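Below is one structure, written out as structure tokens, with a few remarks after it.
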Amino acid sequence: MSGKHDKNKAMTLHTPLLNELESGPWPSFFSDLKEYSKKKPVVVQLLNQLEESYENRWNYWIGKVLNAPGYGGGIIARVSEKADKYPGLANFHTVRVIEPPGWVYNTDALRNLADTAERNGAGILQFHGMTGDILLLGFSDEGSLQCVEDLMHDGWDIGGSGAALRTLQCCVGQARCEMACYDTMKVTKHLTDSFIHYLHRPEFVYKFKFKLSGCSNDCANSMVRSDMPIIGTWRGPMQVDQDKVAEFIDAKGMEYLIDNVLTRCPTRCLSVKGKTLQVDNDNCVRCMHCINVMHHALSPGKDRGVTILIGGHRTLKIGDTMASVLVPFMKLETDEDLEKLVEFVERVWEFWNDNGMDHERVGEFIARVGMGTFLKGIGVEPDPRMIRQPRTTSYIKFEELAPPRMDGEGNKMPPVWNREAEAVETA
Amino acid sequence: MSGKHDKNKAMTLHTPLLNELESGPWPSFFSDLKEYSKKKPVVVQLLNQLEESYENRWNYWIGKVLNAPGYGGGIIARVSEKADKYPGLANFHTVRVIEPPGWVYNTDALRNLADTAERNGAGILQFHGMTGDILLLGFSDEGSLQCVEDLMHDGWDIGGSGAALRTLQCCVGQARCEMACYDTMKVTKHLTDSFIHYLHRPEFVYKFKFKLSGCSNDCANSMVRSDMPIIGTWRGPMQVDQDKVAEFIDAKGMEYLIDNVLTRCPTRCLSVKGKTLQVDNDNCVRCMHCINVMHHALSPGKDRGVTILIGGHRTLKIGDTMASVLVPFMKLETDEDLEKLVEFVERVWEFWNDNGMDHERVGEFIARVGMGTFLKGIGVEPDPRMIRQPRTTSYIKFEELAPPRMDGEGNKMPPVWNREAEAVETA
Amino acid sequence: MSDKPLAPRDQGAPDYTKHLHPLMLKNYGEWVSHDRMRPGVLVHTARGGDKLYTVRAGSPRTMSADTVRKVCDIADKYCQGFLRFTSRSNIEFLCGDKNDLDNLIKAVEKDLGWPLGGTGPSVSNISHTQGWLHCNLPGTDAAGSVKAMMDDLIEEFRNENLPNRVHMATSCCQINCASHGDISVIVQHHHPPRINHNNMQICELPKVVAICPAAAIRPAVINGVETVEVVEEKCMYCGACHGQCPSMEIRDSETDSLSIWVGGKMSAARGAPTFMKLAVWGIPNNPPRWPEVSEAIRRILNAYKATGKPWERIGEWIDRIGWAKFFEMTGFPFTRYHIDDGPEALSNLNRSAMIRL
Amino acid sequence: MSDKPLAPRDQGAPDYTKHLHPLMLKNYGEWVSHDRMRPGVLVHTARGGDKLYTVRAGSPRTMSADTVRKVCDIADKYCQGFLRFTSRSNIEFLCGDKNDLDNLIKAVEKDLGWPLGGTGPSVSNISHTQGWLHCNLPGTDAAGSVKAMMDDLIEEFRNENLPNRVHMATSCCQINCASHGDISVIVQHHHPPRINHNNMQICELPKVVAICPAAAIRPAVINGVETVEVVEEKCMYCGACHGQCPSMEIRDSETDSLSIWVGGKMSAARGAPTFMKLAVWGIPNNPPRWPEVSEAIRRILNAYKATGKPWERIGEWIDRIGWAKFFEMTGFPFTRYHIDDGPEALSNLNRSAMIRL
Ligand code: SRM
Ligand code: SRM
Ligand code: SRM
Ligand code: SRM
Ligand code: SF4
Ligand code: SF4
Ligand code: SF4
Ligand code: SF4
Ligand code: SF4
Ligand code: SF4
Ligand code: SF4
Ligand code: SF4
């Protein structure tokens, strides 16, 4: 083989622009890779190409498709336009690896990942990808497949890509947070394992993401970055330790309490009597603010569960889309609860995939068909807690009233307005 | 002529359903017209047809077009489907009459209207139509024209209809309200008179309405019912009479002040020190609430003017549309100010009518082309007070940056980000 | 026709100064405060100390020439010949002399038979439209239904017992010439328009095609006649075409129904103006007295009265207690049609995990 | 390739219990409170009294295998071999023994060279994406620009001097795999895609036609080649097509520019989550250190620091002071492009007469 096609072709690092990223207090990925490139020649090529990008404000990667046998995703394959110059970049793929829920690690596992990455490819790792995966960068075609094989052998599994379920991510939750209203790690693992088939084989009309946060502080970033946020919450009264409330007032002063707690409650349901705090629990919307500020004194109530939302995603194609409430409250503790959730998700998927258009996220699908139609499609009763306010548009197509007419015969008014309430009874 | 074609054909009143509208404490238009029908036989026909509507839940009026010579609107012409049965309803038109601004009347004028209505038609009047007009009902073709002629003779003018400027309406304003920040009646008359040509001759793509309120309580209902609301407001500090504040606190108590004033200010810019009220005037958004509650103690500031908004209208075709800010503040006192306003309105009309589609209200037009384009079209600098918040959609077509490229050559980045602020300087 | 010169004369708006009560003219722009002496009676005080008394009464809006004359008689007697109407079609007798007040009130209540009220935190007169009396589009009546509703609401009009003002409206077709308010009644159609193809020549085709907000109308040739057709899936039964073209009939006496919307607000007091929201739909269109409408309104007002705080308009009150509570208190069912699918569909969803549980 | 059996094995997520620090496992679900001992150091207390110390440090996210090993060495020495990363790619060393803290901190700061911080009301690590290092779509770099920005913001990371947490993000193309936050940097394209008609065969035509949000792409035959064309008027330069089809090039090294968005929030604390809003656009894409970006961010943070109240996130702060004040304080021009024309265009207008004057 000529040097031109030698993947490990020796090359001098030439990075005058990138060198500018060496000074300053923040840790420099460039300094790290520069050092590492002494050991890994292909990293020199990578950095030299990156230098060209910096010089020309231009990118030289092109996508291609590569899958491990039996999988339909998990490898993000890239080839360089400059492969002639940088043969080591001719194939330079990323392997996505499902992270331990909550991104917790023992060092054996981390070392194992580092070894696998180094052995089969460029030895570059990212903790973590924005979807939550561990990313291992810089594999040839064979290197990618071997890497996947090695990962499997060591107990890892590869992450999602394409029109499939994506790798799940959750906040640290009950492992280290007093706010957590449910076991985010357990549910993340349960959903990942239950749906692993959908994660590995793109069978959806487009990607689908779960993100799980233990409370509405949403440290897992679920609201605008996942199709189905699952957020911890509680029913009934919040827990108040009045002694600690008094301590708080003594330490911080009443004015601090008023300015930073009472007047910041979105539904103004907090008031103070002497040194005790009164919570109008019926109007508390579980926003977490007062608990955040007074976390020694306040904590979520005891009857805990989750709110399930639907349809968050970022900007393509209808612009940033915030998830909205789908299941106001459900318990998520027993195996039965978990099974109920799995079945529920499958119902959502079925309707979305049967009716969604190509490349249509579930939020875009709902925006197109309307939440009313969506609920009917998945068989969920409407609930006023799903909305900020009822419709402001006066044009409505009442299906109960409309259909027969086009066939020529009139239909009578059904007694809709005084029919039994349905939704207010849903838990 | 046979009785069949006799407009004044004698007929027995037969109104079993309508008779149900005679009981009860609220004044009954039906009882009034029933009594009056003894004098005006055509009213018997009208009520008998109305009875049929009540019986069949069906309407029997059909529109047609009738104009006074030289006019393009002001007469709403209706013919009855049941003209055979009710010949008096064969033509039964409404004449719209421009009301005195603020709906104020001397009794001579009112009697004159009653006489004109009775002499030329069915003698039915409505105070007022929802656009603000005086409505006179029940004229034949000739009766309509004669009525218009008589009105003209007595100093009235007829109102708008069709794709034209519509009759203006304003709140009572400075004539009887201490909140009024400008002279709503004067401005209403000035705009009506200046634009009377556009009111009488439909030359627009669709209707255009002004409504004028002396303050943001909006008693003239401008926000969702007029294309250009003109709402009184002020710059600088609100007027506070601290003695009256103290009286208020003494009379109502501090708790009342907190619950009903301080905590209800939308920008929380009120606070109390002892018995004096402090206003953070920079953050007051002139919502009027505190002034409404404490109107003996508080009043609008001295440097008064108006906010002009654009695009309000009701539900056809894009749903209820709320007007939004177009001119955050302008003085409206001198003749010069008034002329500036007239010219400004003409600029708006020109752009809308040159570019609007048939039957497209200005609010629909803005919804279609975007407020940014609209402002550019009418030559108004953007101002952050026009928006609730800047764009949340990340896709933007920057015209400064885009055009040349399609012709093959690249264009350079203009120094946009550090160019001089423009809008914050607009008054 | 007379032989007088015909219009146009473009005379413009009447000179309002000629229509102003002398105290209004004198104190124009000089008013400093007002008080409510009793429901229906206001007194405004001018800088110089002048006081103007206003007696507000409910008017039926539609009146005969004779009734107008009766009104004038009263104003001549007690108001120096001046009066006004409000933006909600109430009448306001303007009185400069406190001593005339009692007789004025008596004349209004007894001779005219119109109730005093509509001031302060009360239910004021209901804005309304033409209905079967004059329009070509109505699916129901307006003045008649207002009479029936106000009979039921008379005590709320006569007293000031509500948390804040309640402004109501009712309209006779989906176009809603009047309907925006704290509580408002709207007719709803439930089918695409029926097309009378034989009559179609009277209509300018492009105009009705262009007007359809759902782009549901397309030109067609049926039995050799140039006409239009409606794509049923797209049509949202708005009736815009019906207003443009009488050959497209949107109404149906069997299925047209009424709905009630709440929480509309124009004023900026305490917060930006708000659209009204759907409370309940499918109410029968039941002349001559529409009892089901009055019952539904009563349910809303009772809940509002029971739990609204001072100065809370209906929409603000519901925002505070939450919509779930509103539906619970009124007993109206929450259905999937309550979930918006119009231009504000996404922002009307609960895009947060903030829930009352 | 080895002769081991190939995938699939569908093994699912790792068993997290094996990755939990012993104190986390023992006190799982039993944590009752936390405190910040100093910026970058948290202590969580369990019901039984156990205390877990967390040392949080800024990581560059992208690291070599050797650096990963260094991290492990430290964790082995002071953390019983356990650590975690946060949702913002910070590292968290988990430590059960208070006596190890000082040495642990020293090791992180000195041996690893990573700064402590990112806790409480500070600027935390910047979420970011692949950039020129690996993606096929970027118009700019990610990790490099984060390095440059964080160098500038280091004191805001190391200290807790802001009104509330500041979560930043930056992305390398308009798709924005990362960009949502209190402050976020976005690349913007300014032209419709250039089409390489000769290369077009590699793309499934219907797919790219379907993906265009503006319906601007239509099939065409050019010089006998089946390809697509773009209706320039409709195209909004989003680049969705470019992601689908490499023959449609959206980027332009001369004109692509950067914009900064503010006020995004995911948490429901004090109010529903909010989208981020445009603050300033047209910032040059200026590697290797993008100084103009850092300057703009600094302007925002200075204004926030000066006038924000405790617990106010950036978006809440601006809502309180008003957007006019924000533009005044930062000196950014308010242009017509700041006025929305997307799906929320109407509701982002000031639909009220509520104005600071
Ligand atoms: C690697 C990663 C960025 C990173 O450096 O962390 C990434 C990289 C890419 N994203 Fe992403 N996205 C990544 C997280 C996200 C996120 C964040 C998240 O998941 O929370 C989003 C926004 C949330 C969302 O899903 O809406 C995101 C929204 C997109 C989109 C637009 C989706 C949309 O509906 O708006 C695309 C375009 C597409 O799917 O066609 C996209 C497409 C891509 C592609 C596959 C580009 C392409 O179409 O070929 C990029 C591959 C880069 C590469 O070479 O590896 N990526 N992408 C993230 C995945 C790593 C991981 O698995 O952990
Ligand atoms: C008479 C009146 C109702 C009343 O009883 O008071 C009325 C009656 C009609 N309106 Fe109206 N509108 C009347 C005030 C309004 C208002 C209220 C206002 O002006 O504040 C509105 C809502 C505000 C607005 O303009 O958006 C209103 C929104 C409409 C619309 C829908 C406009 C839209 O863009 O959404 C139409 C339909 C159209 O223009 O095609 C309409 C059309 C009509 C027509 C002309 C029906 C038609 O298309 O043939 C009605 C004639 C009835 C008749 O026989 O007299 N009318 N119409 C009001 C005019 C009286 C007057 O001049 O004072
Ligand atoms: C007479 C009238 C103006 C006119 O030119 O005709 C008028 C007159 C007054 N209004 Fe009004 N408003 C009048 C229609 C309105 C409307 C329009 C409507 O009802 O369609 C509104 C906006 C409605 C909305 O928001 O949807 C309106 C919203 C207000 C408000 C704001 C209430 C709020 O809290 O949101 C005030 C302030 C207050 O109540 O103190 C107000 C206050 C007042 C005051 C106190 C102003 C004053 O100092 O004189 C006047 C009446 C005293 C009273 O107790 O009734 N007026 N007022 C209108 C009487 C209508 C009626 O007969 O009931
Ligand atoms: C470690 C981490 C979770 C994880 O599983 O990785 C985490 C941990 C904590 N978060 Fe968080 N948040 C973490 C990402 C987030 C995110 C997501 C993000 O940054 O992308 C959010 C949502 C951001 C948003 O709204 O856009 C988030 C919004 C919050 C909030 C709400 C702040 C607010 O007022 O809006 C709190 C409450 C607080 O500050 O008291 C919070 C509070 C906390 C507490 C105090 C919870 C606890 O009791 O342990 C933890 C850290 C203390 C501290 O001072 O930093 N955490 N937190 C994440 C650390 C990221 C980092 O390295 O900086
Ligand atoms: S989302 Fe809630 S439970 Fe999860 S880490 Fe954040 S504060 Fe804790
Ligand atoms: S959690 Fe939020 S809504 Fe509930 S009481 Fe606390 S601040 Fe109020
Ligand atoms: S809008 Fe203001 S000025 Fe006009 S009547 Fe109402 S309160 Fe008075
Ligand atoms: S007018 Fe409104 S915004 Fe201004 S101080 Fe009074 S309540 Fe606050
Ligand atoms: S609401 Fe409809 S039916 Fe009633 S007057 Fe207006 S256009 Fe006519
Ligand atoms: S009813 Fe409305 S949507 Fe249906 S065809 Fe007519 S205009 Fe179009
Ligand atoms: S933001 Fe764009 S360029 Fe950057 S990783 Fe995501 S898809 Fe690739
Ligand atoms: S850049 Fe976006 S809008 Fe333009 S053609 Fe491509 S997909 Fe369509």
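Following the order of the structure tokens, first chain is A, next is B, and so on, with residues numbered from 1 inside each chain and ligands from 1 in the order they appear.
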Open item on the list: Please find the residues contacting ligand 9 at a distance of at most 7 Å between atoms, with only C-alpha atoms and all ligand atoms counted, and report them as a PyMOL selection string.
Closed with: chain C and resi 129-131+135-139+171-178
Task: Selection: 8 Å around Ile75 of chain B, only C-alpha atoms, excl. self and same-chain fewer than 5 positions, as a PyMOL selection string - done: chain B and resi 66-68+93-96+144+161
Kindly determine which residues of chain C lie within 8 Å of chain D, considering only C-alpha atoms, and give the answer as an mmCIF file with N, CA, C and O atoms, in the first residue's frame.
data_model
loop_
_atom_site.group_PDB
_atom_site.id
_atom_site.type_symbol
_atom_site.label_atom_id
_atom_site.label_comp_id
_atom_site.auth_asym_id
_atom_site.auth_seq_id
_atom_site.Cartn_x
_atom_site.Cartn_y
_atom_site.Cartn_z
ATOM 1 N N ALA C 268 -57.284 46.085 29.785
ATOM 2 C CA ALA C 268 -55.943 45.626 30.125
ATOM 3 C C ALA C 268 -55.762 45.569 31.636
ATOM 4 O O ALA C 268 -54.675 45.244 32.113
ATOM 5 N N ALA C 272 -53.211 41.473 30.241
ATOM 6 C CA ALA C 272 -53.588 41.714 28.855
ATOM 7 C C ALA C 272 -55.000 41.207 28.564
ATOM 8 O O ALA C 272 -55.495 40.313 29.256
ATOM 9 N N PRO C 273 -55.640 41.786 27.555
ATOM 10 C CA PRO C 273 -56.939 41.275 27.119
ATOM 11 C C PRO C 273 -56.849 39.784 26.787
ATOM 12 O O PRO C 273 -55.792 39.296 26.407
ATOM 13 N N GLU C 344 -54.218 28.921 17.658
ATOM 14 C CA GLU C 344 -53.545 28.980 18.947
ATOM 15 C C GLU C 344 -53.560 27.606 19.632
ATOM 16 O O GLU C 344 -53.390 27.495 20.857
ATOM 17 N N SER C 347 -50.425 26.695 21.833
ATOM 18 C CA SER C 347 -50.201 27.477 23.052
ATOM 19 C C SER C 347 -51.369 27.355 24.017
ATOM 20 O O SER C 347 -51.251 27.746 25.172
ATOM 21 N N ARG C 351 -48.462 23.219 28.369
ATOM 22 C CA ARG C 351 -47.101 22.860 27.990
ATOM 23 C C ARG C 351 -46.175 22.960 29.203
ATOM 24 O O ARG C 351 -45.179 23.669 29.198
ATOM 25 N N SER C 352 -46.510 22.275 30.229
ATOM 26 C CA SER C 352 -45.723 22.262 31.451
ATOM 27 C C SER C 352 -46.215 21.102 32.296
ATOM 28 O O SER C 352 -47.265 20.531 32.018
ATOM 29 N N ALA C 353 -45.434 20.808 33.331
ATOM 30 C CA ALA C 353 -45.899 19.774 34.263
ATOM 31 C C ALA C 353 -46.622 20.424 35.439
ATOM 32 O O ALA C 353 -46.767 19.824 36.487
ATOM 33 N N MET C 354 -47.074 21.645 35.249
ATOM 34 C CA MET C 354 -47.774 22.353 36.327
ATOM 35 C C MET C 354 -49.234 21.920 36.351
ATOM 36 O O MET C 354 -50.012 22.270 35.461
#
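Near Cys147 of chain A, within a cut-off of 9 Å and counting only C-alpha atoms, sit the residues Val95, Thr116, Ala117, Arg119, Asn120, Gly121, Phe139, Glu142, Gly143, Ser144, Asp150, Leu151 and Met152 of chain A, with same-chain residues fewer than 3 positions away left out.
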Contacts of segment 8-25 of chain B at 7 Å (only C-alpha atoms; same-chain gap of 3+ positions) as a JSON list (two decimals) with all heavy atoms, in the first residue's frame:
[["chain", "number", "residue", "atom", "x", "y", "z"],
["B", 3, "GLY", "N", -104.67, 42.86, -2.82],
["B", 3, "GLY", "CA", -104.19, 42.86, -1.43],
["B", 3, "GLY", "C", -102.85, 42.19, -1.30],
["B", 3, "GLY", "O", -102.02, 42.56, -0.49],
["B", 28, "SER", "N", -89.32, 44.51, 26.92],
["B", 28, "SER", "CA", -89.50, 43.61, 25.80],
["B", 28, "SER", "C", -89.62, 44.39, 24.49],
["B", 28, "SER", "O", -90.54, 45.17, 24.30],
["B", 28, "SER", "CB", -90.77, 42.77, 26.01],
["B", 28, "SER", "OG", -91.06, 42.04, 24.84],
["B", 30, "PHE", "N", -90.46, 43.12, 21.92],
["B", 30, "PHE", "CA", -91.65, 42.59, 21.26],
["B", 30, "PHE", "C", -92.92, 43.33, 21.71],
["B", 30, "PHE", "O", -93.74, 43.72, 20.88],
["B", 30, "PHE", "CB", -91.78, 41.09, 21.52],
["B", 30, "PHE", "CG", -93.09, 40.53, 21.04],
["B", 30, "PHE", "CD1", -93.34, 40.42, 19.67],
["B", 30, "PHE", "CD2", -94.09, 40.18, 21.94],
["B", 30, "PHE", "CE1", -94.57, 39.94, 19.22],
["B", 30, "PHE", "CE2", -95.31, 39.70, 21.49],
["B", 30, "PHE", "CZ", -95.55, 39.58, 20.12],
["B", 31, "SER", "N", -93.05, 43.53, 23.01],
["B", 31, "SER", "CA", -94.23, 44.25, 23.50],
["B", 31, "SER", "C", -94.30, 45.63, 22.88],
["B", 31, "SER", "O", -95.37, 46.12, 22.50],
["B", 31, "SER", "CB", -94.17, 44.38, 25.03],
["B", 31, "SER", "OG", -94.07, 43.11, 25.62],
["B", 41, "PRO", "N", -99.07, 49.05, 10.23],
["B", 41, "PRO", "CA", -99.47, 47.69, 9.83],
["B", 41, "PRO", "C", -98.30, 46.81, 9.39],
["B", 41, "PRO", "O", -98.31, 45.61, 9.64],
["B", 41, "PRO", "CB", -100.42, 47.95, 8.66],
["B", 41, "PRO", "CG", -100.84, 49.37, 8.78],
["B", 41, "PRO", "CD", -99.79, 50.11, 9.52],
["B", 42, "VAL", "N", -97.25, 47.41, 8.78],
["B", 42, "VAL", "CA", -96.16, 46.58, 8.28],
["B", 42, "VAL", "C", -95.46, 45.86, 9.43],
["B", 42, "VAL", "O", -94.89, 44.78, 9.25],
["B", 42, "VAL", "CB", -95.16, 47.41, 7.44],
["B", 42, "VAL", "CG1", -94.37, 48.38, 8.34],
["B", 42, "VAL", "CG2", -94.21, 46.53, 6.65],
["B", 44, "VAL", "N", -96.94, 44.48, 11.86],
["B", 44, "VAL", "CA", -97.66, 43.21, 12.06],
["B", 44, "VAL", "C", -97.06, 42.14, 11.17],
["B", 44, "VAL", "O", -96.80, 41.01, 11.60],
["B", 44, "VAL", "CB", -99.17, 43.37, 11.74],
["B", 44, "VAL", "CG1", -99.89, 42.05, 11.90],
["B", 44, "VAL", "CG2", -99.81, 44.46, 12.63],
["B", 48, "ASN", "N", -95.28, 38.77, 12.41],
["B", 48, "ASN", "CA", -95.79, 37.47, 11.98],
["B", 48, "ASN", "C", -94.70, 36.63, 11.31],
["B", 48, "ASN", "O", -94.60, 35.43, 11.52],
["B", 48, "ASN", "CB", -96.98, 37.65, 11.03],
["B", 48, "ASN", "CG", -98.27, 37.91, 11.80],
["B", 48, "ASN", "OD1", -98.30, 37.86, 13.05],
["B", 48, "ASN", "ND2", -99.34, 38.20, 11.07],
["B", 51, "GLU", "N", -92.52, 35.39, 14.00],
["B", 51, "GLU", "CA", -93.16, 34.25, 14.66],
["B", 51, "GLU", "C", -92.86, 32.96, 13.89],
["B", 51, "GLU", "O", -92.57, 31.93, 14.47],
["B", 51, "GLU", "CB", -94.69, 34.50, 14.75],
["B", 51, "GLU", "CG", -95.49, 33.32, 15.29],
["B", 51, "GLU", "CD", -95.34, 33.11, 16.80],
["B", 51, "GLU", "OE1", -94.84, 34.02, 17.50],
["B", 51, "GLU", "OE2", -95.72, 32.02, 17.28],
["B", 54, "TYR", "N", -89.49, 31.83, 14.70],
["B", 54, "TYR", "CA", -89.44, 31.18, 16.01],
["B", 54, "TYR", "C", -90.00, 29.76, 15.92],
["B", 54, "TYR", "O", -89.50, 28.84, 16.57],
["B", 54, "TYR", "CB", -90.23, 32.00, 17.04],
["B", 54, "TYR", "CG", -89.37, 33.02, 17.76],
["B", 54, "TYR", "CD1", -88.70, 34.03, 17.07],
["B", 54, "TYR", "CD2", -89.19, 32.95, 19.15],
["B", 54, "TYR", "CE1", -87.90, 34.95, 17.72],
["B", 54, "TYR", "CE2", -88.39, 33.87, 19.82],
["B", 54, "TYR", "CZ", -87.75, 34.88, 19.10],
["B", 54, "TYR", "OH", -86.96, 35.78, 19.76],
["B", 88, "GLY", "N", -95.32, 43.69, 2.67],
["B", 88, "GLY", "CA", -94.62, 44.82, 3.27],
["B", 88, "GLY", "C", -93.15, 44.53, 3.51],
["B", 88, "GLY", "O", -92.36, 45.43, 3.74],
["C", 144, "GLY", "N", -84.65, 38.52, 21.10],
["C", 144, "GLY", "CA", -85.55, 37.66, 21.87],
["C", 144, "GLY", "C", -84.79, 36.86, 22.91],
["C", 144, "GLY", "O", -85.23, 36.72, 24.06],
["C", 147, "LYS", "N", -83.81, 39.11, 25.77],
["C", 147, "LYS", "CA", -84.95, 39.34, 26.66],
["C", 147, "LYS", "C", -85.08, 38.15, 27.64],
["C", 147, "LYS", "O", -85.21, 38.34, 28.85],
["C", 147, "LYS", "CB", -86.21, 39.51, 25.81],
["C", 147, "LYS", "CG", -87.53, 39.27, 26.50],
["C", 147, "LYS", "CD", -87.92, 40.37, 27.46],
["C", 147, "LYS", "CE", -89.29, 40.05, 28.10],
["C", 147, "LYS", "NZ", -89.41, 40.64, 29.43],
["C", 148, "ALA", "N", -85.02, 36.95, 27.11],
["C", 148, "ALA", "CA", -85.20, 35.78, 27.98],
["C", 148, "ALA", "C", -84.07, 35.68, 29.00],
["C", 148, "ALA", "O", -84.31, 35.44, 30.19],
["C", 148, "ALA", "CB", -85.23, 34.51, 27.11],
["C", 151, "ASP", "N", -84.31, 38.54, 31.64],
["C", 151, "ASP", "CA", -85.37, 38.28, 32.62],
["C", 151, "ASP", "C", -84.81, 37.42, 33.75],
["C", 151, "ASP", "O", -85.07, 37.66, 34.93],
["C", 151, "ASP", "CB", -86.53, 37.53, 31.95],
["C", 151, "ASP", "CG", -87.49, 38.48, 31.23],
["C", 151, "ASP", "OD1", -87.42, 39.70, 31.47],
["C", 151, "ASP", "OD2", -88.30, 37.99, 30.42],
["C", 288, "PRO", "N", -89.16, 29.97, 22.27],
["C", 288, "PRO", "CA", -88.92, 31.42, 22.39],
["C", 288, "PRO", "C", -88.10, 31.83, 23.61],
["C", 288, "PRO", "O", -87.76, 33.00, 23.70],
["C", 288, "PRO", "CB", -90.34, 31.97, 22.55],
["C", 288, "PRO", "CG", -91.07, 30.89, 23.27],
["C", 288, "PRO", "CD", -90.49, 29.59, 22.78]]
Open item on the list: Can you tell me, as an MDAnalysis selection string, which residues in segment 4-147 of chain C count as strand (DSSP E) by DSSP?
Closed with: chainID C and resid 31:38 41:46 51:57 62:64 82:85 91:95
TODO: Output as a PyMOL selection string the set of chain C residues within 8 Å of chain A, with distances taken over only C-alpha atoms.
DONE: chain C and resi 174+188+190-191+236-238+254-255+257+275-284+320-324+327-328+331-357
- [ ] Between atom CA of Glu156 of chain D and atom CA of Val123 of chain D, measure the distance and give it in Å to one decimal.
- [x]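 Value for the atom CA of Glu156 of chain D-atom CA of Val123 of chain D distance: 5.4 Å.
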Open item on the list: Residues near segment 290-293 of chain C, anyone? I mean within 9 Å using only C-alpha atoms, not counting same-chain ones fewer than 4 positions away, as a list in words.
Closed with: Ser145, Ala148, Met149, Val185, Leu258, Ser259, Ile260, Ile283, Pro284, Asn285, Asn286, Ile297 and Arg298 of chain C
- [ ] Tell me, in Å to one decimal, how far atom CA of Arg158 of chain C is from atom CA of Leu20 of chain C.
- [x]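 If I compute the distance from atom CA of Arg158 of chain C to atom CA of Leu20 of chain C, I get 26.8 Å.
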Task: Distance criterion (only C-alpha atoms): nearest to chain A out of B:Glu346, B:Asp320, B:Glu247, B:Asp6 - done: B:Asp320
Open item on the list: Around ligand 3, out to 7 Å and counting only C-alpha atoms and all ligand atoms, which residues are there? I want them as a count of residues only.
Closed with: 45
Task: Counting only C-alpha atoms, the option among B:Leu257, B:Ile62, B:Leu191, B:Leu50 closest to Cys245 of chain C - done: B:Ile62
